[in-house]
Amino acid sequence: MTNPVHRTILLFDIEQFGTRDDVEQAFLRRVLYDVVDATLLAADIDETARLRADRGDSVMELIDAQASVPALVKTLLTETPALLHNKNRLIATSAQMRLRIVLSSGYVAIDDNGWVGSDLNHAVRLLNSDPLRDALKERTDECVLCVSDAIYQGVVRHGPLGVRPDDFHRITVETKEGPTVAWVHGEPGPTGSTGSSAGSVPVSDTPASSQHNDVRINGDQYGQVGGTHHGDQHFDFTRPARDEHR
């Protein structure tokens, strides 16, 4: 196993992938690859600066820390929706694709079977959170972007060219490791995608936790996450992707 290295973590997940038949799933995966590759190319991220993992209905990209995060955020807000729209307009309505996207960062270790680390686990928790799922359901947009609090505080809130901090709203997601703060692009929906839906905690009632706890992945420790840690946590991202309803 390698020593943990700091990487920008980019995740894409196809909405309701598990409801599609095998032919549609294979087609949507190819479309997703095209959108991801074109997004990173538009953000001027070379293939040598990224490493991909496939989880069936989602794609993970580990991106070299030297790549420009402001440029990537801008691309995800502008180019990615346009790329996805151009793909969908040529596809039958029943086969069109919508995406949840998470941009995070942290330390990730790589072994012979895959990637491990609490920061990666944190990003996956955001990708699968109810507030992000609800944000996409409540919109006509074809994708929705969520950034971790670290990305928001370090990049977005400073308003780099093409990025408006006021266009993001804060959510607080209840995870197995405790409540965690993130930021979703766009206005909150009527069902409360600010974090009041199932599996989350209202922002007004739960401030961001200042406590940090060690999380152990497959018996090894990789960094820290915010929130309250309950017992030993073991996560394995090397298992085959599950056919879940998205």
# chains A, B, ... in the order shown; residues from 1 in each chain; ligands from 1

$ select_by_dssp --residues "segment 64-136 of chain A" --states "strand (DSSP E)" --output "count of residues only"
17

$ closest_residue --among "A:Ala53, A:Leu127, A:Ala135, A:Val144" --to "Leu84 of chain A" --atoms "only C-alpha atoms"
A:Val144

$ select_by_dssp --residues "segment 108-199 of chain A" --states "helix (DSSP H, G or I)" --output "count of residues only"
30

$ residues_around --residues "Ser148 of chain A" --least-positions-apart "4" --cutoff "8 Å" --atoms "only C-alpha atoms" --output "list in words"
Val102, Leu103, Ser104, Ser105, Ala123, Tyr152, Val181, Ala182 and Trp183 of chain A

$ write_last_selection --atoms "C-alpha atoms" --output "PDB file, in the first residue's frame"
ATOM      1  CA  VAL A 102     -19.155  16.051  -5.890  1.00  0.00           C
ATOM      2  CA  LEU A 103     -15.848  17.905  -5.750  1.00  0.00           C
ATOM      3  CA  SER A 104     -13.769  17.328  -2.631  1.00  0.00           C
ATOM      4  CA  SER A 105     -10.148  16.883  -1.601  1.00  0.00           C
ATOM      5  CA  ALA A 123     -16.774  12.444  -0.569  1.00  0.00           C
ATOM      6  CA  TYR A 152     -15.821  26.020  -0.608  1.00  0.00           C
ATOM      7  CA  VAL A 181     -20.986  20.498   6.099  1.00  0.00           C
ATOM      8  CA  ALA A 182     -20.961  20.891   2.328  1.00  0.00           C
ATOM      9  CA  TRP A 183     -22.233  23.364  -0.281  1.00  0.00           C
TER      10      TRP A 183
END

$ residues_around --residues "Val31 of chain A" --least-positions-apart "6" --cutoff "12 Å" --atoms "only C-alpha atoms" --output "ChimeraX atom specification"
/A:12,14,24-25,37-38,57-59,83-88,90-91,95-99

$ atom_distance --atom1 "atom CA of Thr8 of chain A" --atom2 "atom CA of Leu161 of chain A"
19.4 Å

$ closest_residue --among "A:Glu79, A:Asp130, A:Asp13, A:Asp34" --to "Gly56 of chain A" --atoms "only C-alpha atoms"
A:Asp13

$ closest_residue --among "A:Leu145, A:Ser94, A:Gly117, A:Asp111" --to "Asp21 of chain A" --atoms "only C-alpha atoms"
A:Ser94

$ closest_residue --among "A:Leu41, A:Val69, A:Met1, A:Val36" --to "Gly154 of chain A" --atoms "only C-alpha atoms"
A:Val69

$ closest_residue --among "A:Pro165, A:Glu187, A:Pro131, A:Phe17" --to "Val73 of chain A" --atoms "only C-alpha atoms"
A:Pro165

$ closest_residue --among "A:Ala82, A:Leu10, A:Ala65, A:Ala71" --to "Ala43 of chain A" --atoms "only C-alpha atoms"
A:Ala71

$ atom_distance --atom1 "atom CA of Gln153 of chain A" --atom2 "atom CA of Ile9 of chain A"
15.8 Å

$ atom_distance --atom1 "atom CA of Gly186 of chain A" --atom2 "atom CA of Cys146 of chain A"
9.6 Å

$ decode --residues "segment 31-68 of chain A" --atoms "N, CA and C atoms" --output "PDB file, in the first residue's frame"
ATOM      1  N   VAL A  31     -21.574   7.254 -22.220  1.00  0.00           N
ATOM      2  CA  VAL A  31     -21.864   8.695 -22.252  1.00  0.00           C
ATOM      3  C   VAL A  31     -21.204   9.384 -21.063  1.00  0.00           C
ATOM      4  N   LEU A  32     -21.279   8.766 -19.887  1.00  0.00           N
ATOM      5  CA  LEU A  32     -20.661   9.351 -18.703  1.00  0.00           C
ATOM      6  C   LEU A  32     -19.159   9.516 -18.891  1.00  0.00           C
ATOM      7  N   TYR A  33     -18.500   8.495 -19.422  1.00  0.00           N
ATOM      8  CA  TYR A  33     -17.061   8.596 -19.684  1.00  0.00           C
ATOM      9  C   TYR A  33     -16.759   9.781 -20.600  1.00  0.00           C
ATOM     10  N   ASP A  34     -17.577   9.945 -21.636  1.00  0.00           N
ATOM     11  CA  ASP A  34     -17.358  11.057 -22.574  1.00  0.00           C
ATOM     12  C   ASP A  34     -17.476  12.402 -21.865  1.00  0.00           C
ATOM     13  N   VAL A  35     -18.490  12.538 -21.007  1.00  0.00           N
ATOM     14  CA  VAL A  35     -18.703  13.797 -20.299  1.00  0.00           C
ATOM     15  C   VAL A  35     -17.555  14.070 -19.330  1.00  0.00           C
ATOM     16  N   VAL A  36     -17.131  13.057 -18.586  1.00  0.00           N
ATOM     17  CA  VAL A  36     -16.042  13.229 -17.620  1.00  0.00           C
ATOM     18  C   VAL A  36     -14.745  13.592 -18.338  1.00  0.00           C
ATOM     19  N   ASP A  37     -14.415  12.857 -19.404  1.00  0.00           N
ATOM     20  CA  ASP A  37     -13.176  13.130 -20.132  1.00  0.00           C
ATOM     21  C   ASP A  37     -13.182  14.531 -20.728  1.00  0.00           C
ATOM     22  N   ALA A  38     -14.307  14.938 -21.302  1.00  0.00           N
ATOM     23  CA  ALA A  38     -14.398  16.268 -21.911  1.00  0.00           C
ATOM     24  C   ALA A  38     -14.336  17.357 -20.844  1.00  0.00           C
ATOM     25  N   THR A  39     -14.920  17.106 -19.671  1.00  0.00           N
ATOM     26  CA  THR A  39     -14.867  18.070 -18.568  1.00  0.00           C
ATOM     27  C   THR A  39     -13.426  18.317 -18.132  1.00  0.00           C
ATOM     28  N   LEU A  40     -12.677  17.251 -17.906  1.00  0.00           N
ATOM     29  CA  LEU A  40     -11.300  17.389 -17.433  1.00  0.00           C
ATOM     30  C   LEU A  40     -10.402  17.978 -18.514  1.00  0.00           C
ATOM     31  N   LEU A  41     -10.684  17.665 -19.766  1.00  0.00           N
ATOM     32  CA  LEU A  41      -9.925  18.279 -20.854  1.00  0.00           C
ATOM     33  C   LEU A  41     -10.181  19.782 -20.892  1.00  0.00           C
ATOM     34  N   ALA A  42     -11.455  20.190 -20.721  1.00  0.00           N
ATOM     35  CA  ALA A  42     -11.798  21.614 -20.716  1.00  0.00           C
ATOM     36  C   ALA A  42     -11.174  22.337 -19.537  1.00  0.00           C
ATOM     37  N   ALA A  43     -10.945  21.611 -18.425  1.00  0.00           N
ATOM     38  CA  ALA A  43     -10.315  22.203 -17.244  1.00  0.00           C
ATOM     39  C   ALA A  43      -8.795  22.153 -17.329  1.00  0.00           C
ATOM     40  N   ASP A  44      -8.285  21.713 -18.481  1.00  0.00           N
ATOM     41  CA  ASP A  44      -6.843  21.650 -18.731  1.00  0.00           C
ATOM     42  C   ASP A  44      -6.140  20.691 -17.775  1.00  0.00           C
ATOM     43  N   ILE A  45      -6.804  19.566 -17.509  1.00  0.00           N
ATOM     44  CA  ILE A  45      -6.219  18.531 -16.659  1.00  0.00           C
ATOM     45  C   ILE A  45      -5.783  17.375 -17.553  1.00  0.00           C
ATOM     46  N   ASP A  46      -4.500  17.150 -17.632  1.00  0.00           N
ATOM     47  CA  ASP A  46      -3.935  16.132 -18.508  1.00  0.00           C
ATOM     48  C   ASP A  46      -4.264  14.724 -17.998  1.00  0.00           C
ATOM     49  N   GLU A  47      -4.302  13.773 -18.903  1.00  0.00           N
ATOM     50  CA  GLU A  47      -4.582  12.385 -18.514  1.00  0.00           C
ATOM     51  C   GLU A  47      -3.556  11.851 -17.529  1.00  0.00           C
ATOM     52  N   THR A  48      -2.339  12.343 -17.611  1.00  0.00           N
ATOM     53  CA  THR A  48      -1.287  11.873 -16.701  1.00  0.00           C
ATOM     54  C   THR A  48      -1.467  12.404 -15.281  1.00  0.00           C
ATOM     55  N   ALA A  49      -2.376  13.375 -15.103  1.00  0.00           N
ATOM     56  CA  ALA A  49      -2.592  13.992 -13.791  1.00  0.00           C
ATOM     57  C   ALA A  49      -3.844  13.468 -13.118  1.00  0.00           C
ATOM     58  N   ARG A  50      -4.401  12.350 -13.611  1.00  0.00           N
ATOM     59  CA  ARG A  50      -5.644  11.826 -13.071  1.00  0.00           C
ATOM     60  C   ARG A  50      -5.624  10.310 -13.059  1.00  0.00           C
ATOM     61  N   LEU A  51      -6.376   9.760 -12.128  1.00  0.00           N
ATOM     62  CA  LEU A  51      -6.507   8.319 -11.993  1.00  0.00           C
ATOM     63  C   LEU A  51      -7.975   8.007 -11.767  1.00  0.00           C
ATOM     64  N   ARG A  52      -8.528   7.057 -12.538  1.00  0.00           N
ATOM     65  CA  ARG A  52      -9.967   6.787 -12.516  1.00  0.00           C
ATOM     66  C   ARG A  52     -10.278   5.455 -11.859  1.00  0.00           C
ATOM     67  N   ALA A  53     -11.418   5.440 -11.137  1.00  0.00           N
ATOM     68  CA  ALA A  53     -11.982   4.196 -10.625  1.00  0.00           C
ATOM     69  C   ALA A  53     -13.451   4.145 -11.027  1.00  0.00           C
ATOM     70  N   ASP A  54     -13.905   2.995 -11.461  1.00  0.00           N
ATOM     71  CA  ASP A  54     -15.276   2.793 -11.922  1.00  0.00           C
ATOM     72  C   ASP A  54     -16.055   2.030 -10.863  1.00  0.00           C
ATOM     73  N   ARG A  55     -17.229   2.552 -10.501  1.00  0.00           N
ATOM     74  CA  ARG A  55     -18.084   1.867  -9.527  1.00  0.00           C
ATOM     75  C   ARG A  55     -19.439   1.508 -10.138  1.00  0.00           C
ATOM     76  N   GLY A  56     -19.473   1.307 -11.455  1.00  0.00           N
ATOM     77  CA  GLY A  56     -20.703   0.911 -12.119  1.00  0.00           C
ATOM     78  C   GLY A  56     -21.565   2.095 -12.482  1.00  0.00           C
ATOM     79  N   ASP A  57     -22.305   2.628 -11.503  1.00  0.00           N
ATOM     80  CA  ASP A  57     -23.169   3.771 -11.764  1.00  0.00           C
ATOM     81  C   ASP A  57     -22.471   5.092 -11.503  1.00  0.00           C
ATOM     82  N   SER A  58     -21.227   5.031 -11.079  1.00  0.00           N
ATOM     83  CA  SER A  58     -20.490   6.262 -10.788  1.00  0.00           C
ATOM     84  C   SER A  58     -19.032   6.121 -11.202  1.00  0.00           C
ATOM     85  N   VAL A  59     -18.390   7.271 -11.341  1.00  0.00           N
ATOM     86  CA  VAL A  59     -16.980   7.331 -11.703  1.00  0.00           C
ATOM     87  C   VAL A  59     -16.273   8.233 -10.701  1.00  0.00           C
ATOM     88  N   MET A  60     -15.107   7.788 -10.234  1.00  0.00           N
ATOM     89  CA  MET A  60     -14.274   8.574  -9.337  1.00  0.00           C
ATOM     90  C   MET A  60     -13.000   8.973 -10.074  1.00  0.00           C
ATOM     91  N   GLU A  61     -12.580  10.198  -9.893  1.00  0.00           N
ATOM     92  CA  GLU A  61     -11.321  10.673 -10.451  1.00  0.00           C
ATOM     93  C   GLU A  61     -10.460  11.230  -9.318  1.00  0.00           C
ATOM     94  N   LEU A  62      -9.255  10.706  -9.189  1.00  0.00           N
ATOM     95  CA  LEU A  62      -8.252  11.304  -8.307  1.00  0.00           C
ATOM     96  C   LEU A  62      -7.372  12.198  -9.161  1.00  0.00           C
ATOM     97  N   ILE A  63      -7.317  13.470  -8.825  1.00  0.00           N
ATOM     98  CA  ILE A  63      -6.632  14.459  -9.656  1.00  0.00           C
ATOM     99  C   ILE A  63      -5.439  15.023  -8.901  1.00  0.00           C
ATOM    100  N   ASP A  64      -4.333  15.165  -9.600  1.00  0.00           N
ATOM    101  CA  ASP A  64      -3.119  15.696  -8.999  1.00  0.00           C
ATOM    102  C   ASP A  64      -3.392  17.031  -8.313  1.00  0.00           C
ATOM    103  N   ALA A  65      -2.822  17.200  -7.136  1.00  0.00           N
ATOM    104  CA  ALA A  65      -3.065  18.413  -6.349  1.00  0.00           C
ATOM    105  C   ALA A  65      -2.553  19.674  -7.035  1.00  0.00           C
ATOM    106  N   GLN A  66      -1.683  19.526  -8.028  1.00  0.00           N
ATOM    107  CA  GLN A  66      -1.154  20.687  -8.734  1.00  0.00           C
ATOM    108  C   GLN A  66      -2.139  21.246  -9.758  1.00  0.00           C
ATOM    109  N   ALA A  67      -3.153  20.468 -10.119  1.00  0.00           N
ATOM    110  CA  ALA A  67      -4.146  20.945 -11.085  1.00  0.00           C
ATOM    111  C   ALA A  67      -4.976  22.066 -10.468  1.00  0.00           C
ATOM    112  N   SER A  68      -5.390  23.022 -11.287  1.00  0.00           N
ATOM    113  CA  SER A  68      -6.111  24.188 -10.806  1.00  0.00           C
ATOM    114  C   SER A  68      -7.525  23.834 -10.377  1.00  0.00           C
TER     115      SER A  68
END
